[in-house]
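Engineer: Quick one: structure below, then a few questions.
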Amino acid sequence: MSILELFKTVYASLSRHIIRALLATLGIVLGIAAVVAMLAISEGGKRGIIDQIKAQGINNIILKSVKPETLADPKMDKRRIFTYGITQKDYNHISTTFNHIEQIVPIQEFDAGVYSGQNRTDIFVLSTERALFDVINCTLADSRSKPFPGKNNGIFLPSCYLGIDAARKLFGHRDPLNQEIGIGRYSFRVIGLLKGDGQGRIGGAHSINNVIYVPIAMAEAIWGKSSSVPYNYLYIRVKEVEHVPELVARLKSYLSTSHVNVDYELQVPYELMRAAEKTQRIFTLVMTSIAAISLLVGGIGIMNIMLANIFERTREIGIRRALGATRRDILLQFLAESIVLTFFGGALGIGVGILTAYGAEALAKWNGDLTIQAIITPESLLVSLAVSVITGLTFGTYPAWKAARLDPLIALRHE
Amino acid sequence: MIELLKLSKQYHAGGVTIDALRSTSLVIPQGAFLTVMGPSGSGKSTLLNLFGLLVHPTTGAYKLNGKEVSSLSDDETSHVRNQTIGMVFQSFNLLSHLTCLENVCLPMQYARDRHSTMKARGRALLDQLGLQGRYDSKPTQLSGGQCQRVAIARALANEPPVILADEPTGNLDEQTGLEVMQIFSDLHRAGKTIILVTHNPSYEAYATHRITIHDGNVSFKNEKFPSHPA
C-alpha cells in the first residue's frame, strides 16, 4: 500500500470517531503542551536571569560595604559616628598584593538631590574612577564627550558624566553636553554621555544608564571624606574568568581577618550565574519529568484506545488479510493511525503550550512580583513534534503488532 | 488447475480431535465450476478455507497452478490470496466506512497498483456489475444484492483465475440470489474457476463438477473428475 493510500485509510478510519480520537489524544495534547510551555519558560528564564547576571560582568567581583549587625544594636550610643565598610587600606592591599586583577575601582554613593533648573529628580549619583566604565562595559554615547577627570587633572570645574537614560530624564530631547546640573548645593557641568547594557545594575538596583557619575577625586574635594562609609563598593575586574573562584577565596580569607565585624558583602556574578544555571537545570529536570509523566500517561491512553480499536475492528483486519494484506500492511496501518493521532495531538499541544507559556508570562506580569519570560524557539517546536511522533511510535507498536499477528480466519469470523 | 493430494485438516479442541476434512485427493481443472454441498458442520467451510489459504492443512499437499502453496510463508500466502484467489462471502464482508469504489480498490492497494489505474479499474468493474453511479455510496446505502455485486467486483479486482464463494446467496432473496448466480455463471463462461459452497441443490445445475461432504468425507457426485494419480 502506498503512503498516500495508507494515509487515506488512516483518515477514513479516524474520521469515523472524531470525538473518540480527540479524547484519545488529550493526554498527548496536555503532555506536549507541558513540554512546549516548559521549554519556553525555561528558555525565557535562561535569557532573563542569566543575561541579567551576565550584564553585571561575569569577570567582576563586587565588594560592598554593609552596616555590621553590632552597629544595629540598640544598646550602642547612636550619637557617635562609626565608620564601617571597605576602606582605602583594603583598596591598597587588594590592588597591590592580589594577582589576576585587571581593574579595581572604588565607588561612593551620594544621597544628594539632583536638579535640572528648578526641578528636583531622584536620579542616583555616585563617584568613581574612569576605569569603572570598562568594568561595567559602558561606552561613550557621544563622541564629543571630554575625558572623565582623574586624580591628577589639577584645577578643574565640577563636572560629571550622565547615563543616557539619566540624560533623557534631565534634558528630554535637548543636547545635555555642556549643560549644568545641580548636585546638592553645587553646580556640575555635563561633559560626557555613557551607554551600557540596560540590564546592568549598579549601586543596588540602579540601571547603569540611569546614574550620574562624578569623578571620585572631585567628590572628595567638594564633600570631603566625612562619610561614615569610606567606599560603598569596590568593583574588581578579574583578567580571566577562571581565576574568579581563586580570587574570591583569597578575598574571603583576607576579609575574614581584617573585617571581623562582617561589614562587607561579596557579590560574585560568576557564582550567581553558576547558581542560577543550577536552579535552571533543576527546573528543567523537574519540568521534563512532569512532561515525561504526562506523555507516558498520554501514550498509555493512545495504546488503550488503539487496543480497543483493534478489538473492535478485528473483522476488518480479517477481511483485509483475506484480500491479500500482509502482516506488514496491517502493522503499518495501525501504527500510522497511532502516529497520526499523536502528531495531531502534538500539533494541538503546541498551540495549547504556546498559549500556556504566554498566559503564564501575562499572569506573572499582572501579578507583579514574579517575572516569567516565555521564549518559544523553532527548535523547541520541532522537538515537541518529534517527541509526540515518537510517543505514537512507542505506544502504537504493541497494538499494531497485535493486530498484525491475528490469525486471518479467526479475525474474519470475529463478530 | 487446483490439485489436492491426501489433504486433511484436524482441529484439536478440549482434548478432542475433530476431523474437519478427511484425507481428500482431487483435481479441479482450470475453468471448472465446482459446487460443494453438505449439511452444516460437515466441513464445507474448512475445505473452502483450505482453498483460500486461510487455514493450513494438517497433512497433504495443495497445488495451485502446479505450485505447492500450503507451506508458503505468511507473506507469500498473502500474495497468493491477493493475486490468484478472489473471495466472496455470505455476509459480503465489505468495509462499511469505505465507499464501494474504495472497497473494490482494496485488493489493488495491497498489490501496490498505481492510484490512477486502480480507480479506473475499480469503476470499470462496478460498471460491469451494473453499479454505475454507485461508486461513492457506502455499503449501508445499498441493497443486499448490490452489496454482493460490490463484493464480487472486489473479488475480481486483481483478475484472479479462481473465485471462491461461501454461500454467496445465503443472505439474499431467491430472485436476487438467481441474479448473483447468473453473474457466477457469466464469470465461469469467461474462463474463471469457480468454487461455490451452497445449501441450494438447484445451483448444482450451473456446475461442471459437484462434490458433497458428510462428516469430513468428500464424495464425488459425477464422473467428470479426472482420476488423480494418487
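Naming scheme: A, B, ... for chains in displayed order of the C-alpha cells; residues 1 onward per chain; ligands 1 onward as shown.
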Which parts of segment 37-227 of chain B does DSSP call alpha helix (DSSP H) when run on the backbone here, written out as a PyMOL selection string?
Structural biologist: chain B and resi 44-51+74-84+100-110+115-128+144-155+174-189
Engineer: Given only C-alpha atoms, how would the per-residue table for chain A near chain B read, listing every residue at most 12 Å away with its closest atom pair and distance in Å to one decimal, sorted by chain and number, as CSV?
Structural biologist:
```
residue,atom,partner,partner_atom,distance
A:Met1,CA,B:Gln109,CA,5.1
A:Ser2,CA,B:Arg112,CA,6.6
A:Ile3,CA,B:Arg112,CA,10.4
A:Leu4,CA,B:His115,CA,8.8
A:Glu5,CA,B:Gln109,CA,7.2
A:Leu6,CA,B:Gln109,CA,9.1
A:Lys8,CA,B:Glu102,CA,10.1
A:Thr9,CA,B:Leu98,CA,8.8
A:Val10,CA,B:Leu98,CA,11.3
A:Tyr11,CA,B:His97,CA,10.7
A:Ala12,CA,B:His97,CA,6.9
A:Ser13,CA,B:His97,CA,7.3
A:Leu14,CA,B:His97,CA,10.2
A:Ser15,CA,B:His97,CA,9.3
A:Arg16,CA,B:His97,CA,7.3
A:His17,CA,B:His97,CA,10.9
A:Arg313,CA,B:Leu95,CA,9.9
A:Thr314,CA,B:Leu95,CA,11.6
A:Arg315,CA,B:Asn93,CA,8.4
A:Glu316,CA,B:Leu95,CA,6.6
A:Ile317,CA,B:Leu95,CA,10.0
A:Gly318,CA,B:Asn93,CA,9.4
A:Ile319,CA,B:Asn93,CA,6.6
A:Arg320,CA,B:Leu106,CA,7.7
A:Arg321,CA,B:Ser78,CA,7.0
A:Ala322,CA,B:Arg81,CA,6.7
A:Leu323,CA,B:Pro107,CA,5.4
A:Gly324,CA,B:Asn82,CA,4.0
A:Ala325,CA,B:Tyr110,CA,5.6
A:Thr326,CA,B:Ser78,CA,5.5
A:Arg327,CA,B:Asp75,CA,7.3
A:Arg328,CA,B:Asp75,CA,8.6
A:Asp329,CA,B:Tyr110,CA,7.8
A:Ile330,CA,B:Tyr110,CA,10.4
A:Gln333,CA,B:Tyr110,CA,11.7
A:Ala404,CA,B:Asp74,CA,11.0
A:Arg405,CA,B:Asp74,CA,10.4
A:Leu406,CA,B:Asp74,CA,11.7
A:Asp407,CA,B:Leu54,CA,8.4
A:Pro408,CA,B:Leu54,CA,6.4
A:Leu409,CA,B:Leu54,CA,5.6
A:Ile410,CA,B:Leu54,CA,9.2
A:Ala411,CA,B:Leu54,CA,10.5
A:Leu412,CA,B:Asn93,CA,8.6
A:Arg413,CA,B:Asn93,CA,10.3
A:His414,CA,B:Asn93,CA,11.4
A:Glu415,CA,B:Asn93,CA,11.4
```
Engineer: Which residue gives the smallest distance to Asp122 of chain A among A:Val211, A:Val268, A:Ala34, A:Val297, with only C-alpha atoms counted?
Structural biologist: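 Closest candidate: A:Val211.
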Engineer: Would you mind listing what lies within 8 Å of Met38 of chain A as a list of chain:residue names, with only C-alpha atoms counted and same-chain residues fewer than 4 positions away left out?
Structural biologist: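 The residues that qualify are A:Ala34, A:Ser42, A:Thr284, A:Met287, A:Thr288, A:Ala357.
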Engineer: Which residues are close to Phe51 of chain B, i.e. within 10 Å by only C-alpha atoms, leaving aside same-chain residues fewer than 2 positions away? Reply as a list in words.
Structural biologist: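 Neighbouring residues, sequence-local ones excluded: Ile2, Glu3, Leu4, Ser45, Thr46, Leu47, Leu48, Asn49, Leu53, Leu54, Val55, His56, Pro57, Tyr62, Lys63, Leu64, Val69, Ser70, Arg81, Ile85, Val162, Ile163, Leu164 and Ile195 of chain B.
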Engineer: Could you take the residues named above and write them with N, CA and C atoms, as a CSV table (one decimal), in the first residue's frame?
Structural biologist:
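Saved file selection_27.csv follows:
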```csv
chain,number,residue,atom,x,y,z
B,2,ILE,N,-6.4,-26.8,-9.8
B,2,ILE,CA,-6.2,-27.0,-8.4
B,2,ILE,C,-6.1,-28.4,-8.1
B,3,GLU,N,-5.0,-28.8,-7.4
B,3,GLU,CA,-4.8,-30.2,-7.0
B,3,GLU,C,-4.7,-30.4,-5.5
B,4,LEU,N,-5.6,-31.3,-5.0
B,4,LEU,CA,-5.4,-31.6,-3.6
B,4,LEU,C,-4.9,-33.0,-3.5
B,45,SER,N,-16.9,-25.4,4.9
B,45,SER,CA,-16.2,-24.2,5.1
B,45,SER,C,-14.7,-24.5,5.3
B,46,THR,N,-14.4,-25.6,6.0
B,46,THR,CA,-13.0,-25.9,6.1
B,46,THR,C,-12.3,-26.1,4.8
B,47,LEU,N,-13.0,-26.8,3.9
B,47,LEU,CA,-12.5,-27.1,2.6
B,47,LEU,C,-12.3,-25.8,1.8
B,48,LEU,N,-13.3,-24.9,1.9
B,48,LEU,CA,-13.2,-23.6,1.2
B,48,LEU,C,-12.0,-22.7,1.8
B,49,ASN,N,-11.9,-22.8,3.2
B,49,ASN,CA,-10.8,-22.0,3.8
B,49,ASN,C,-9.4,-22.6,3.4
B,53,LEU,N,-6.5,-20.6,1.4
B,53,LEU,CA,-5.2,-20.4,2.2
B,53,LEU,C,-5.5,-19.7,3.5
B,54,LEU,N,-6.6,-19.8,4.0
B,54,LEU,CA,-6.9,-19.1,5.3
B,54,LEU,C,-6.6,-20.1,6.5
B,55,VAL,N,-6.5,-21.4,6.2
B,55,VAL,CA,-6.0,-22.4,7.2
B,55,VAL,C,-5.0,-23.3,6.5
B,56,HIS,N,-4.1,-23.8,7.3
B,56,HIS,CA,-3.1,-24.7,6.8
B,56,HIS,C,-3.6,-26.1,7.0
B,57,PRO,N,-3.4,-27.0,6.0
B,57,PRO,CA,-3.8,-28.4,6.2
B,57,PRO,C,-2.9,-29.1,7.2
B,62,TYR,N,-1.3,-29.1,-1.4
B,62,TYR,CA,-2.3,-28.3,-2.1
B,62,TYR,C,-1.5,-27.6,-3.2
B,63,LYS,N,-1.8,-27.9,-4.4
B,63,LYS,CA,-1.1,-27.3,-5.5
B,63,LYS,C,-2.0,-26.4,-6.3
B,64,LEU,N,-1.6,-25.1,-6.5
B,64,LEU,CA,-2.4,-24.1,-7.2
B,64,LEU,C,-1.6,-23.8,-8.5
B,69,VAL,N,1.3,-24.7,-2.4
B,69,VAL,CA,1.1,-23.4,-1.7
B,69,VAL,C,0.8,-23.5,-0.2
B,70,SER,N,0.6,-24.8,0.3
B,70,SER,CA,0.2,-25.0,1.7
B,70,SER,C,1.3,-24.7,2.7
B,81,ARG,N,-3.1,-15.1,-2.1
B,81,ARG,CA,-4.5,-14.7,-1.8
B,81,ARG,C,-4.9,-13.5,-2.6
B,85,ILE,N,-6.6,-15.6,-5.9
B,85,ILE,CA,-7.9,-16.1,-5.4
B,85,ILE,C,-8.7,-14.8,-5.1
B,162,VAL,N,-9.1,-17.8,-9.9
B,162,VAL,CA,-10.0,-18.6,-9.1
B,162,VAL,C,-10.9,-17.7,-8.2
B,163,ILE,N,-12.2,-18.1,-8.2
B,163,ILE,CA,-13.2,-17.3,-7.4
B,163,ILE,C,-13.7,-18.3,-6.4
B,164,LEU,N,-13.6,-18.0,-5.1
B,164,LEU,CA,-14.2,-18.9,-4.0
B,164,LEU,C,-15.4,-18.1,-3.5
B,195,ILE,N,-15.5,-21.9,-7.3
B,195,ILE,CA,-15.8,-22.9,-6.3
B,195,ILE,C,-16.8,-22.3,-5.4
```
Engineer: Record the distance separating atom CA of Leu193 of chain A and atom CA of Asp51 of chain A, expressed in Å with one decimal.
Structural biologist: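 Spanning atom CA of Leu193 of chain A to atom CA of Asp51 of chain A is a straight-line distance of 23.9 Å.
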Engineer: Using only C-alpha atoms, determine which residues lie at most 7 Å from Asn217 of chain B, disregarding the query and same-chain residues fewer than 4 positions distant; provide the list as a short mmCIF file (atom, residue, chain, number, x, y, z; two decimals) with N, CA and C atoms, in the first residue's frame.
Structural biologist:
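Written output follows (result.cif):
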```cif
data_model
loop_
_atom_site.label_atom_id
_atom_site.label_comp_id
_atom_site.auth_asym_id
_atom_site.auth_seq_id
_atom_site.Cartn_x
_atom_site.Cartn_y
_atom_site.Cartn_z
N LEU B 21 -11.76 -32.37 7.87
CA LEU B 21 -11.66 -32.87 6.49
C LEU B 21 -10.76 -34.09 6.50
N ARG B 22 -11.34 -35.23 6.06
CA ARG B 22 -10.52 -36.44 6.00
C ARG B 22 -9.75 -36.46 4.70
N ILE B 213 -20.07 -33.17 1.04
CA ILE B 213 -19.26 -33.52 2.20
C ILE B 213 -20.18 -33.96 3.33
#
```
